[in-house]
>>> print(open('input07.csv').read())   # CSV, C-alpha atoms
chain,number,residue,atom,x,y,z
K,10,MET,CA,-10.3,-19.5,-17.8
K,11,LYS,CA,-13.5,-17.5,-17.3
K,12,TYR,CA,-16.3,-19.0,-19.4
K,13,ASN,CA,-19.1,-17.0,-21.0
K,14,ALA,CA,-21.5,-17.1,-23.9
K,15,THR,CA,-18.7,-15.9,-26.3
K,16,ASN,CA,-16.1,-18.5,-25.6
K,17,LEU,CA,-18.4,-21.5,-24.9
K,18,VAL,CA,-19.4,-21.5,-28.6
K,19,ILE,CA,-17.1,-21.7,-31.6
K,20,HIS,CA,-18.8,-20.7,-34.8
K,21,PRO,CA,-17.9,-22.3,-38.2
K,22,ASN,CA,-15.6,-20.8,-40.8
K,23,ARG,CA,-18.0,-19.7,-43.6
K,24,ALA,CA,-15.2,-19.0,-46.1
K,25,HIS,CA,-15.6,-20.9,-49.4
K,26,ASP,CA,-11.8,-21.4,-49.8
K,27,THR,CA,-11.3,-23.6,-46.7
K,28,ASP,CA,-12.1,-27.3,-46.1
K,29,LEU,CA,-11.9,-26.9,-42.3
K,30,ILE,CA,-15.4,-26.1,-41.0
K,31,VAL,CA,-14.8,-25.7,-37.3
K,32,GLU,CA,-12.2,-26.7,-34.7
K,33,SER,CA,-11.3,-26.6,-31.1
K,34,ASN,CA,-8.4,-27.8,-29.0
K,35,PRO,CA,-7.4,-27.8,-25.3
K,36,GLU,CA,-5.8,-24.4,-25.5
K,37,VAL,CA,-8.9,-22.8,-26.9
K,38,ALA,CA,-11.3,-24.7,-24.6
K,39,GLY,CA,-9.3,-24.3,-21.5
K,40,TRP,CA,-9.1,-28.0,-20.7
K,41,GLU,CA,-6.9,-31.1,-21.0
K,42,TYR,CA,-8.0,-33.7,-23.4
K,43,ILE,CA,-10.4,-33.1,-26.4
K,44,HIS,CA,-9.3,-31.9,-29.8
K,45,PHE,CA,-12.0,-31.7,-32.5
K,46,GLN,CA,-12.2,-30.7,-36.2
K,47,SER,CA,-15.0,-30.9,-38.8
K,48,TRP,CA,-14.0,-31.2,-42.4
K,49,ARG,CA,-15.5,-30.9,-45.9
K,50,LEU,CA,-13.8,-32.6,-48.8
K,51,HIS,CA,-14.6,-32.7,-52.5
K,52,ALA,CA,-14.6,-36.1,-54.4
K,53,SER,CA,-11.0,-37.4,-54.8
K,54,GLN,CA,-9.6,-34.9,-52.3
K,55,THR,CA,-7.2,-36.3,-49.6
K,56,TRP,CA,-6.7,-35.3,-46.0
K,57,TYR,CA,-3.7,-36.5,-44.0
K,58,PHE,CA,-3.2,-36.9,-40.3
K,59,SER,CA,-0.9,-38.5,-37.7
K,60,THR,CA,-2.3,-39.5,-34.3
K,61,GLU,CA,1.1,-39.4,-32.5
K,62,GLU,CA,0.4,-39.9,-28.8
K,63,TYR,CA,-3.4,-39.7,-29.2
K,64,GLU,CA,-6.3,-42.0,-29.9
K,65,MET,CA,-8.7,-40.8,-32.5
K,66,VAL,CA,-12.2,-41.3,-33.8
K,67,LEU,CA,-13.4,-40.3,-37.3
K,68,VAL,CA,-17.2,-40.0,-37.8
K,69,VAL,CA,-18.6,-39.6,-41.3
K,70,PHE,CA,-21.5,-37.1,-41.4
K,71,SER,CA,-22.2,-37.3,-45.1
K,72,GLY,CA,-20.8,-39.0,-48.2
K,73,SER,CA,-18.3,-41.8,-48.3
K,74,ILE,CA,-14.5,-42.0,-47.7
K,75,SER,CA,-11.7,-44.6,-47.8
K,76,VAL,CA,-8.8,-44.6,-45.3
K,77,THR,CA,-5.3,-45.9,-45.8
K,78,SER,CA,-2.8,-46.1,-42.9
K,79,ASN,CA,0.1,-48.0,-41.4
K,80,ARG,CA,-2.6,-49.9,-39.3
K,81,GLY,CA,-4.8,-51.0,-42.1
K,82,GLU,CA,-7.0,-49.9,-45.0
K,83,TRP,CA,-10.8,-49.4,-45.1
K,84,GLU,CA,-13.0,-48.8,-48.1
K,85,SER,CA,-16.4,-47.0,-48.5
K,86,ILE,CA,-16.9,-45.7,-44.9
K,87,GLY,CA,-20.1,-43.8,-44.8
K,88,LYS,CA,-23.5,-44.7,-46.1
K,89,ARG,CA,-25.7,-41.7,-45.5
K,90,PRO,CA,-26.3,-38.5,-47.4
K,91,ASN,CA,-26.6,-36.5,-44.2
K,92,VAL,CA,-26.9,-37.1,-40.4
K,93,PHE,CA,-30.7,-37.0,-40.5
K,94,ALA,CA,-31.0,-39.8,-43.0
K,95,GLY,CA,-29.4,-42.8,-41.4
K,96,LEU,CA,-27.0,-44.3,-38.9
K,97,PRO,CA,-23.3,-43.3,-38.8
K,98,GLU,CA,-20.1,-45.1,-39.7
K,99,ALA,CA,-16.9,-44.3,-37.9
K,100,LEU,CA,-13.3,-45.4,-37.5
K,101,TYR,CA,-11.3,-45.7,-34.3
K,102,LEU,CA,-7.5,-45.5,-34.6
K,103,SER,CA,-4.9,-45.7,-31.8
K,104,ARG,CA,-1.6,-44.0,-31.2
K,105,ASN,CA,1.1,-43.6,-33.7
K,106,THR,CA,-1.1,-44.1,-36.8
K,107,ASN,CA,-0.4,-42.2,-40.0
K,108,LEU,CA,-3.5,-42.0,-42.2
K,109,SER,CA,-4.8,-40.6,-45.4
K,110,VAL,CA,-8.5,-40.0,-45.9
K,111,ILE,CA,-9.6,-40.0,-49.5
K,112,ALA,CA,-13.1,-38.7,-50.4
K,113,GLN,CA,-14.9,-41.1,-52.6
K,114,THR,CA,-17.7,-38.6,-52.9
K,115,GLU,CA,-18.2,-35.1,-51.6
K,116,CYS,CA,-18.2,-35.7,-47.9
K,117,THR,CA,-18.1,-34.2,-44.4
K,118,PHE,CA,-16.7,-35.8,-41.4
K,119,GLY,CA,-15.5,-35.0,-37.8
K,120,VAL,CA,-12.3,-36.1,-36.1
K,121,ALA,CA,-11.7,-36.0,-32.4
K,122,TRP,CA,-8.5,-37.1,-30.7
K,123,VAL,CA,-7.4,-37.3,-27.0
K,124,PRO,CA,-4.3,-38.4,-25.2
K,125,ALA,CA,-3.8,-42.1,-24.8
K,126,TRP,CA,-1.3,-44.2,-22.8
K,127,ARG,CA,-1.8,-47.6,-24.5
K,128,ASP,CA,-2.3,-49.0,-28.0
K,129,HIS,CA,-5.6,-50.5,-29.0
K,130,PRO,CA,-6.7,-52.4,-32.2
K,131,PRO,CA,-8.1,-50.2,-35.0
K,132,ARG,CA,-11.8,-50.7,-35.5
K,133,LEU,CA,-14.3,-49.9,-38.1
K,134,ILE,CA,-17.7,-49.1,-36.6
K,135,SER,CA,-20.3,-49.9,-39.2
K,136,THR,CA,-24.0,-49.0,-39.1
K,137,GLN,CA,-24.7,-52.5,-37.8
K,138,ASP,CA,-22.4,-51.9,-34.8
K,139,VAL,CA,-24.2,-48.7,-33.7
K,140,THR,CA,-26.7,-49.0,-30.9
K,141,VAL,CA,-29.9,-47.0,-30.9
K,142,GLU,CA,-31.7,-45.8,-27.7
K,143,LEU,CA,-34.9,-43.8,-27.6
K,144,ARG,CA,-34.4,-42.0,-24.4
K,145,GLY,CA,-36.8,-39.9,-22.3
K,146,GLY,CA,-40.5,-39.4,-23.1
K,147,ASP,CA,-43.1,-37.0,-24.4
K,148,ASN,CA,-41.4,-33.7,-25.4
K,149,VAL,CA,-38.2,-34.9,-23.8
K,150,SER,CA,-37.8,-37.8,-26.3
K,151,ARG,CA,-34.6,-38.1,-28.3
K,152,GLN,CA,-32.6,-40.7,-30.2
K,153,ILE,CA,-29.1,-41.7,-29.1
K,154,ASN,CA,-26.8,-43.4,-31.6
K,155,GLY,CA,-24.0,-45.1,-29.7
K,156,ILE,CA,-20.7,-45.1,-31.6
K,157,ILE,CA,-18.1,-45.5,-28.9
K,158,ARG,CA,-19.9,-46.5,-25.7
K,159,PRO,CA,-18.4,-47.3,-22.3
K,160,GLY,CA,-16.6,-50.6,-22.5
K,161,PHE,CA,-15.2,-50.0,-26.0
K,162,ASP,CA,-11.6,-51.1,-26.4
K,163,CYS,CA,-9.9,-47.6,-26.0
K,164,ASP,CA,-8.5,-45.4,-23.3
K,165,ARG,CA,-10.7,-42.4,-22.9
K,166,LEU,CA,-13.1,-41.7,-25.8
K,167,VAL,CA,-16.9,-41.9,-25.6
K,168,VAL,CA,-18.8,-40.8,-28.7
K,169,VAL,CA,-22.6,-40.7,-29.4
K,170,GLU,CA,-25.0,-38.9,-31.7
K,171,VAL,CA,-28.2,-37.3,-30.4
K,172,LEU,CA,-31.2,-36.4,-32.6
K,173,THR,CA,-33.9,-34.2,-31.1
K,174,PRO,CA,-37.2,-33.6,-32.9
K,175,GLY,CA,-38.5,-30.1,-33.2
K,176,GLY,CA,-40.0,-28.7,-30.0
K,177,ASN,CA,-38.3,-31.4,-27.8
K,178,TRP,CA,-35.7,-31.2,-25.2
K,179,SER,CA,-32.6,-33.3,-24.8
K,180,SER,CA,-29.8,-33.7,-22.3
K,181,TYR,CA,-32.7,-33.3,-19.9
K,182,PRO,CA,-33.3,-33.4,-17.0
K,183,PRO,CA,-30.1,-31.4,-16.9
K,184,HIS,CA,-27.1,-33.5,-15.9
K,185,LYS,CA,-23.5,-32.9,-15.1
K,186,HIS,CA,-20.2,-34.9,-15.0
K,187,ASP,CA,-17.6,-32.6,-13.6
K,188,VAL,CA,-16.4,-34.4,-10.4
K,189,HIS,CA,-14.9,-37.9,-10.2
K,190,ARG,CA,-16.8,-39.7,-7.3
K,191,SER,CA,-17.2,-43.3,-6.2
K,192,ASP,CA,-19.2,-44.9,-3.4
K,193,GLU,CA,-17.7,-46.8,-0.5
K,194,LYS,CA,-17.6,-50.0,-2.5
K,195,GLY,CA,-15.6,-48.3,-5.3
K,196,ASN,CA,-18.6,-48.1,-7.7
K,197,LEU,CA,-18.3,-45.0,-10.0
K,198,LEU,CA,-21.0,-42.5,-9.3
K,199,GLU,CA,-19.8,-39.6,-11.5
K,200,ALA,CA,-16.9,-39.1,-13.9
K,201,ASP,CA,-15.1,-35.8,-14.5
K,202,LEU,CA,-15.6,-35.5,-18.3
K,203,GLU,CA,-14.9,-32.8,-20.9
K,204,GLU,CA,-17.5,-32.7,-23.6
K,205,ILE,CA,-18.2,-31.1,-27.0
K,206,TYR,CA,-21.5,-30.7,-28.8
K,207,TYR,CA,-21.2,-30.4,-32.6
K,208,TYR,CA,-24.5,-29.2,-34.1
K,209,LYS,CA,-26.3,-29.9,-37.3
K,210,ILE,CA,-29.8,-28.4,-38.0
K,211,ASP,CA,-31.9,-29.9,-40.7
K,212,LYS,CA,-32.9,-26.6,-42.3
K,213,PRO,CA,-30.6,-23.6,-42.9
K,214,GLU,CA,-32.6,-21.2,-40.8
K,215,GLY,CA,-33.1,-23.6,-37.9
K,216,TYR,CA,-31.6,-23.3,-34.4
K,217,ALA,CA,-31.5,-24.7,-30.9
K,218,PHE,CA,-30.8,-23.3,-27.5
K,219,GLN,CA,-28.5,-24.7,-24.8
K,220,ARG,CA,-28.1,-23.6,-21.2
K,221,ILE,CA,-24.8,-24.3,-19.5
K,222,TYR,CA,-24.7,-23.7,-15.8
K,223,THR,CA,-22.6,-24.9,-12.8
K,224,GLY,CA,-24.0,-26.3,-9.6
K,225,GLU,CA,-22.8,-25.9,-6.0
K,226,ASN,CA,-20.3,-28.8,-6.2
K,227,SER,CA,-18.7,-27.6,-9.4
K,228,PRO,CA,-15.0,-26.8,-9.1
K,229,LEU,CA,-15.6,-23.6,-11.1
K,230,GLN,CA,-18.4,-22.6,-8.8
K,231,LYS,CA,-16.3,-23.2,-5.8
K,232,ALA,CA,-13.5,-21.1,-7.3
K,233,GLY,CA,-15.8,-18.2,-7.7
K,234,GLU,CA,-16.1,-18.5,-11.5
K,235,PRO,CA,-19.6,-19.9,-12.1
K,236,ILE,CA,-21.2,-20.4,-15.5
K,237,ASP,CA,-24.8,-19.6,-16.3
K,238,GLU,CA,-25.3,-18.9,-20.0
K,239,VAL,CA,-27.9,-19.6,-22.6
K,240,VAL,CA,-26.5,-19.8,-26.2
K,241,ILE,CA,-28.2,-20.1,-29.6
K,242,LEU,CA,-26.8,-22.7,-31.9
K,243,ARG,CA,-27.0,-23.1,-35.7
K,244,ASP,CA,-25.6,-25.5,-38.2
K,245,ASP,CA,-22.0,-26.4,-37.6
K,246,ASP,CA,-21.7,-24.6,-34.3
K,247,LEU,CA,-19.4,-26.2,-31.7
K,248,VAL,CA,-20.1,-25.9,-28.0
K,249,ILE,CA,-17.6,-26.8,-25.3
K,250,ILE,CA,-18.9,-28.1,-21.9
K,251,PRO,CA,-16.0,-27.7,-19.4
K,252,GLU,CA,-18.3,-28.2,-16.4
K,253,GLY,CA,-21.9,-28.0,-15.2
K,254,TYR,CA,-25.4,-28.9,-16.4
K,255,HIS,CA,-26.1,-28.5,-20.2
K,256,PRO,CA,-29.7,-29.1,-21.4
K,257,VAL,CA,-30.8,-28.5,-25.0
K,258,THR,CA,-34.0,-27.5,-26.7
K,259,SER,CA,-34.8,-27.8,-30.4
K,260,ALA,CA,-36.9,-25.1,-32.1
K,261,PRO,CA,-40.3,-26.4,-33.3
K,262,GLY,CA,-40.3,-27.4,-36.9
K,263,TYR,CA,-36.5,-28.2,-36.9
K,264,THR,CA,-34.7,-31.4,-36.0
K,265,THR,CA,-31.5,-30.9,-34.1
K,266,TYR,CA,-28.5,-33.2,-34.3
K,267,TYR,CA,-25.3,-33.1,-32.2
K,268,LEU,CA,-22.3,-35.2,-32.0
K,269,ASN,CA,-21.0,-35.6,-28.4
K,270,VAL,CA,-17.4,-36.4,-27.7
K,271,LEU,CA,-16.4,-37.0,-24.1
K,272,ALA,CA,-13.1,-37.7,-22.4
K,273,GLY,CA,-11.8,-37.4,-18.9
K,274,SER,CA,-11.3,-39.4,-15.7
K,275,ALA,CA,-12.9,-42.6,-16.9
K,276,GLN,CA,-14.1,-44.2,-20.1
K,277,ALA,CA,-17.6,-43.8,-18.8
K,278,LEU,CA,-20.9,-41.8,-19.0
K,279,ASN,CA,-21.6,-41.6,-15.3
K,280,ALA,CA,-23.5,-38.4,-14.6
K,281,VAL,CA,-25.9,-36.9,-12.1
K,282,ASP,CA,-29.1,-35.0,-12.7
K,283,ASP,CA,-29.9,-31.6,-11.3
K,284,PRO,CA,-32.0,-32.6,-8.4
K,285,GLN,CA,-34.4,-29.7,-9.0
K,286,TYR,CA,-35.6,-31.2,-12.2
K,287,SER,CA,-35.1,-35.0,-11.9
K,288,TRP,CA,-38.8,-35.5,-10.9
K,289,VAL,CA,-39.7,-34.8,-14.5
K,290,LYS,CA,-38.7,-38.4,-15.4
K,291,GLU,CA,-41.6,-39.7,-13.4
K,292,THR,CA,-44.2,-37.9,-15.6
K,293,TYR,CA,-43.3,-39.4,-19.0
K,294,ARG,CA,-46.2,-41.3,-20.7
K,295,SER,CA,-44.7,-42.3,-24.0
K,296,ILE,CA,-41.9,-41.9,-26.5
K,297,ASP,CA,-42.4,-39.3,-29.3
K,298,SER,CA,-43.9,-41.1,-32.3
K,299,ARG,CA,-41.5,-39.3,-34.6
K,300,LEU,CA,-38.7,-41.5,-33.3
K,301,PRO,CA,-36.6,-43.2,-34.5
K,302,LEU,CA,-36.1,-40.7,-37.3
K,303,TYR,CA,-35.4,-43.5,-39.8
K,304,PRO,CA,-35.7,-47.3,-40.0
K,305,VAL,CA,-33.5,-49.1,-37.4
K,306,ASP,CA,-32.9,-52.8,-37.1
K,307,PRO,CA,-34.7,-53.9,-33.9
K,308,ARG,CA,-31.6,-55.9,-32.9
K,309,GLN,CA,-29.7,-52.6,-32.5
K,310,ARG,CA,-32.2,-51.1,-30.1
K,311,ILE,CA,-31.3,-50.9,-26.5
>>> encode(input="input07.csv", output="structure tokens")
Amino acid sequence: MKYNATNLVIHPNRAHDTDLIVESNPEVAGWEYIHFQSWRLHASQTWYFSTEEYEMVLVVFSGSISVTSNRGEWESIGKRPNVFAGLPEALYLSRNTNLSVIAQTECTFGVAWVPAWRDHPPRLISTQDVTVELRGGDNVSRQINGIIRPGFDCDRLVVVEVLTPGGNWSSYPPHKHDVHRSDEKGNLLEADLEEIYYYKIDKPEGYAFQRIYTGENSPLQKAGEPIDEVVILRDDDLVIIPEGYHPVTSAPGYTTYYLNVLAGSAQALNAVDDPQYSWVKETYRSIDSRLPLYPVDPRQRI
């Protein structure tokens, strides 16, 4: 598949008669693992799903839901009015789960599912379970909310939220994870991971930019199909990252949120920086004082 600015971004469905906001799947993305959908439900509305041979995560963006399934029941998942106002709540479900999501209030949520080869216990991820990291420094400061981190009891999924204040950069220095590599002792250096970026911007006219570009060791680059694109992202846009480096910058005056879902050769986040830009890390003086964006229990900070 030849990637360009047109097919790296999937724009939301703006029609008022549909509850499905945006979606992608392996056929659309040209990869193996990640399916993603974002939904909007009115109060008392129900959404049904069967995981079949996949493991799944459901992340509540706004409002509150309850879930009934053949693996358990969970009430009042979701505590925030929007992604800029508080920590997330999420639900992990394994293979062969039949579920119903009932909107307790008007709500939005995202679901991602990837192939799995084992069963794992269902798990509610409450706000207290989420880790918070303030990463980077100066105008490269951002907030990382860890939902499904490496080591979580699942097969492939890794899921985090990233919040970037206006004028700041994130996913920077540019990093990539498109080759599976280990050292001579078997320690993982880099995982081969597919990734989606699902965007929210805190004001309707806001936007962010993202550059996606492959390096010399990228399989696509070696195949003569390099990527080097800059795309503009607005609320509910979905970006697919098949390979390469992928830094983001948030327009001044606007806070950018994105949900990252990753899956691939390991349940890991091992990545490598673009060596041209890694020196920037040595220049940071302090974390942006705007972070965290909302009060966080110090015990959840990492």
>>> closest_atom_pairs(input="input07.csv", of="stretch 36-66 of chain K", to="stretch 250-254 of chain K", cutoff="8 Å", atoms="all atoms listed in the file", output="CSV")
residue,atom,partner,partner_atom,distance
K:Ala38,CA,K:Pro251,CA,7.6
K:Gly39,CA,K:Pro251,CA,7.8
K:Trp40,CA,K:Pro251,CA,7.0
>>> atom_distance(input="input07.csv", atom1="atom CA of K:Gln113", atom2="atom CA of K:Tyr207")
23.5 Å
>>> closest_residue(input="input07.csv", among="K:Leu29, K:Val139, K:Ile205, K:Leu102", to="K:Val66", atoms="all atoms listed in the file")
K:Leu102
>>> closest_residue(input="input07.csv", among="K:Val188, K:Ile30, K:Ala14, K:Leu100", to="K:Val281", atoms="only C-alpha atoms")
K:Val188
>>> closest_residue(input="input07.csv", among="K:Ala52, K:Leu278, K:Leu172, K:Leu202", to="K:Gly160", atoms="only C-alpha atoms")
K:Leu278
>>> residues_near_point(input="input07.csv", point="(-27.4, -36.1, -30.3)", cutoff="9 Å", atoms="all atoms listed in the file", output="list in words")
Arg151, Gln152, Ile153, Asn154, Val169, Glu170, Val171, Leu172, Thr173, Ser179, Ser180, Tyr206, Tyr207, Tyr208, Thr265, Tyr266, Tyr267, Leu268 and Asn269 of chain K
>>> residues_around(input="input07.csv", residues="stretch 210-226 of chain K", least_positions_apart="6", cutoff="7 Å", atoms="all atoms listed in the file", output="PyMOL selection string")
chain K and resi 235-244+252-260+263-266
>>> residues_around(input="input07.csv", residues="stretch 288-300 of chain K", least_positions_apart="3", cutoff="12 Å", atoms="only C-alpha atoms", output="MDAnalysis selection string")
chainID K and resid 93 141:153 171:178 181:183 264 282:285 303:305
>>> atom_distance(input="input07.csv", atom1="atom CA of K:Gln54", atom2="atom CA of K:Val110")
8.3 Å
>>> closest_residue(input="input07.csv", among="K:Val167, K:Leu108, K:Ile86, K:Leu247", to="K:Ser59", atoms="only C-alpha atoms")
K:Leu108
>>> atom_distance(input="input07.csv", atom1="atom CA of K:Val120", atom2="atom CA of K:Val68")
6.5 Å
>>> closest_residue(input="input07.csv", among="K:Gln230, K:Thr60, K:Ser78, K:Ser109", to="K:Val123", atoms="only C-alpha atoms")
K:Thr60
>>> residues_around(input="input07.csv", residues="K:Leu50", least_positions_apart="5", cutoff="7 Å", atoms="only C-alpha atoms", output="short mmCIF file (atom, residue, chain, number, x, y, z; two decimals) with C-alpha atoms, keeping the file's coordinate frame")
data_model
loop_
_atom_site.label_atom_id
_atom_site.label_comp_id
_atom_site.auth_asym_id
_atom_site.auth_seq_id
_atom_site.Cartn_x
_atom_site.Cartn_y
_atom_site.Cartn_z
CA ASP K 28 -12.10 -27.30 -46.10
CA ALA K 112 -13.10 -38.70 -50.40
CA GLU K 115 -18.20 -35.10 -51.60
CA CYS K 116 -18.20 -35.70 -47.90
CA THR K 117 -18.10 -34.20 -44.40
#
>>> closest_residue(input="input07.csv", among="K:Asn279, K:Thr106, K:Gln137, K:Ser47", to="K:Arg190", atoms="only C-alpha atoms")
K:Asn279
>>> residues_near_point(input="input07.csv", point="(-11.7, -39.8, -8.1)", cutoff="10 Å", atoms="only C-alpha atoms", output="MDAnalysis selection string")
chainID K and resid 188:191 195 197:201 274:275
>>> residues_around(input="input07.csv", residues="K:Ser85", least_positions_apart="2", cutoff="9 Å", atoms="all atoms listed in the file", output="PDB file with C-alpha atoms, keeping the file's coordinate frame")
ATOM      1  CA  SER K  73     -18.300 -41.800 -48.300  1.00  0.00           C
ATOM      2  CA  ILE K  74     -14.500 -42.000 -47.700  1.00  0.00           C
ATOM      3  CA  SER K  75     -11.700 -44.600 -47.800  1.00  0.00           C
ATOM      4  CA  VAL K  76      -8.800 -44.600 -45.300  1.00  0.00           C
ATOM      5  CA  TRP K  83     -10.800 -49.400 -45.100  1.00  0.00           C
ATOM      6  CA  GLY K  87     -20.100 -43.800 -44.800  1.00  0.00           C
ATOM      7  CA  LYS K  88     -23.500 -44.700 -46.100  1.00  0.00           C
ATOM      8  CA  GLN K 113     -14.900 -41.100 -52.600  1.00  0.00           C
TER       9      GLN K 113
END
>>> decode(input="input07.csv", residues="stretch 182-200 of chain K", atoms="N, CA and C atoms", output="PDB file, in the first residue's frame")
ATOM      1  N   PRO K 182      11.538  14.079  20.879  1.00  0.00           N
ATOM      2  CA  PRO K 182      12.071  13.946  19.535  1.00  0.00           C
ATOM      3  C   PRO K 182      11.345  12.849  18.745  1.00  0.00           C
ATOM      4  N   PRO K 183      11.299  12.992  17.425  1.00  0.00           N
ATOM      5  CA  PRO K 183      10.599  11.978  16.630  1.00  0.00           C
ATOM      6  C   PRO K 183      11.123  10.582  16.947  1.00  0.00           C
ATOM      7  N   HIS K 184      10.201   9.645  17.110  1.00  0.00           N
ATOM      8  CA  HIS K 184      10.594   8.260  17.393  1.00  0.00           C
ATOM      9  C   HIS K 184       9.859   7.330  16.429  1.00  0.00           C
ATOM     10  N   LYS K 185      10.374   6.112  16.325  1.00  0.00           N
ATOM     11  CA  LYS K 185       9.749   5.119  15.465  1.00  0.00           C
ATOM     12  C   LYS K 185       9.760   3.762  16.160  1.00  0.00           C
ATOM     13  N   HIS K 186       8.904   2.870  15.671  1.00  0.00           N
ATOM     14  CA  HIS K 186       8.848   1.484  16.143  1.00  0.00           C
ATOM     15  C   HIS K 186       8.328   0.638  14.981  1.00  0.00           C
ATOM     16  N   ASP K 187       9.183   0.418  14.001  1.00  0.00           N
ATOM     17  CA  ASP K 187       8.745  -0.302  12.795  1.00  0.00           C
ATOM     18  C   ASP K 187       9.618  -1.501  12.447  1.00  0.00           C
ATOM     19  N   VAL K 188      10.558  -1.853  13.341  1.00  0.00           N
ATOM     20  CA  VAL K 188      11.412  -3.025  13.153  1.00  0.00           C
ATOM     21  C   VAL K 188      11.529  -3.731  14.503  1.00  0.00           C
ATOM     22  N   HIS K 189      11.408  -5.047  14.521  1.00  0.00           N
ATOM     23  CA  HIS K 189      11.588  -5.797  15.772  1.00  0.00           C
ATOM     24  C   HIS K 189      13.064  -6.152  15.907  1.00  0.00           C
ATOM     25  N   ARG K 190      13.726  -5.600  16.959  1.00  0.00           N
ATOM     26  CA  ARG K 190      15.163  -5.803  17.136  1.00  0.00           C
ATOM     27  C   ARG K 190      15.475  -6.072  18.603  1.00  0.00           C
ATOM     28  N   SER K 191      16.399  -6.990  18.830  1.00  0.00           N
ATOM     29  CA  SER K 191      16.901  -7.273  20.173  1.00  0.00           C
ATOM     30  C   SER K 191      18.420  -7.237  20.150  1.00  0.00           C
ATOM     31  N   ASP K 192      19.029  -7.035  21.336  1.00  0.00           N
ATOM     32  CA  ASP K 192      20.481  -7.076  21.409  1.00  0.00           C
ATOM     33  C   ASP K 192      20.960  -8.512  21.558  1.00  0.00           C
ATOM     34  N   GLU K 193      22.263  -8.677  21.701  1.00  0.00           N
ATOM     35  CA  GLU K 193      22.841 -10.019  21.750  1.00  0.00           C
ATOM     36  C   GLU K 193      22.406 -10.801  22.989  1.00  0.00           C
ATOM     37  N   LYS K 194      21.906 -10.099  24.007  1.00  0.00           N
ATOM     38  CA  LYS K 194      21.418 -10.767  25.215  1.00  0.00           C
ATOM     39  C   LYS K 194      19.915 -11.039  25.166  1.00  0.00           C
ATOM     40  N   GLY K 195      19.293 -10.670  24.064  1.00  0.00           N
ATOM     41  CA  GLY K 195      17.859 -10.891  23.929  1.00  0.00           C
ATOM     42  C   GLY K 195      16.997  -9.773  24.455  1.00  0.00           C
ATOM     43  N   ASN K 196      17.605  -8.659  24.890  1.00  0.00           N
ATOM     44  CA  ASN K 196      16.835  -7.512  25.374  1.00  0.00           C
ATOM     45  C   ASN K 196      16.216  -6.777  24.187  1.00  0.00           C
ATOM     46  N   LEU K 197      14.917  -6.496  24.291  1.00  0.00           N
ATOM     47  CA  LEU K 197      14.208  -5.846  23.193  1.00  0.00           C
ATOM     48  C   LEU K 197      14.667  -4.401  23.041  1.00  0.00           C
ATOM     49  N   LEU K 198      15.102  -4.030  21.861  1.00  0.00           N
ATOM     50  CA  LEU K 198      15.525  -2.666  21.562  1.00  0.00           C
ATOM     51  C   LEU K 198      14.416  -1.859  20.895  1.00  0.00           C
ATOM     52  N   GLU K 199      13.689  -2.508  19.993  1.00  0.00           N
ATOM     53  CA  GLU K 199      12.627  -1.838  19.247  1.00  0.00           C
ATOM     54  C   GLU K 199      11.579  -2.869  18.860  1.00  0.00           C
ATOM     55  N   ALA K 200      10.319  -2.524  19.029  1.00  0.00           N
ATOM     56  CA  ALA K 200       9.222  -3.399  18.611  1.00  0.00           C
ATOM     57  C   ALA K 200       8.630  -2.882  17.302  1.00  0.00           C
TER      58      ALA K 200
END
